[in-house]
Amino acid sequence: LKEERIYHQPVQALNRIIASYPDRPHNAEALFVHPNGDLYVITKEFSRQDFLAKNAMIFRLSKKTLKSTKPVVFEKVGEIELPWINSEYDAFGQIVTGASISGNGKKIILLTYENAVEFNLDLSKVKNLNVRELRKNHDYQTIPLYQLAPQQEAISFYPRSSDFIFSSESTGTEKAGILK
């Protein structure tokens, strides 16, 4: 591999975390660290049998918990109703494939296969996210992505900015790229 030619020596992990969810296993593709050091995971909830998306769940491990050498359990912070927010999209536009947090921790952006949704939300101040309040207060905006990647999987805010970039996995016939 190209990486093995460039980086000759193996990398040692700084820390290893053994964590579980409080309820059941989840499919999760979105992970980020808040500026305060807390780690967040946002799930990709999808029923293949019914071809239906379900609410994305948000879980947190506090900075203090991340230093534990014993197994830890995520704290459930709440849910985001992407099927309702992105109701004009099919299921692929309603499941989370990536996420990022702004440098000041006051915004998060979720990527789906069809668009992005940005929330004015500081998760460090949330104990139990009330999705109905988010809907009522319109503390989010849906961002159409005019140039879609083959299989959108990663998103990141630019440092000190609300601009973002996103990328994709290769599908075999289409090459992955980074889009702005």
# chains A, B, ... in the order shown; residues from 1 in each chain; ligands from 1
>>> residues_around(residues="Asn120 of chain A", least_positions_apart="2", cutoff="12 Å", atoms="only C-alpha atoms", output="MDAnalysis selection string")
chainID A and resid 101:102 104:110 117:118 122:123 125 134:135 137:142 162
>>> select_by_dssp(residues="segment 8-106 of chain A", states="helix (DSSP H, G or I)", output="PyMOL selection string")
chain A and resi 63-66+82-85+91-93
>>> closest_residue(among="A:Glu4, A:Asp163, A:Asp90, A:Glu114", to="Leu52 of chain A", atoms="only C-alpha atoms")
A:Asp90
>>> residues_around(residues="Thr69 of chain A", least_positions_apart="5", cutoff="9 Å", atoms="only C-alpha atoms", output="PyMOL selection string")
chain A and resi 15-18
>>> select_by_dssp(residues="chain A", states="strand (DSSP E or B)", output="ChimeraX atom specification")
/A:19-20,28-33,39-43,46-47,52-53,56-61,72-73,75-80,98-101,107-111,115-120,129,140-144,152-157,164-168,178-179
>>> atom_distance(atom1="atom CA of Asn55 of chain A", atom2="atom CA of Ile80 of chain A")
5.5 Å
>>> closest_residue(among="A:Tyr113, A:Phe32, A:Phe59, A:Tyr7", to="Phe157 of chain A", atoms="only C-alpha atoms")
A:Phe32
>>> atom_distance(atom1="atom CA of Pro71 of chain A", atom2="atom CA of Ala154 of chain A")
27.6 Å
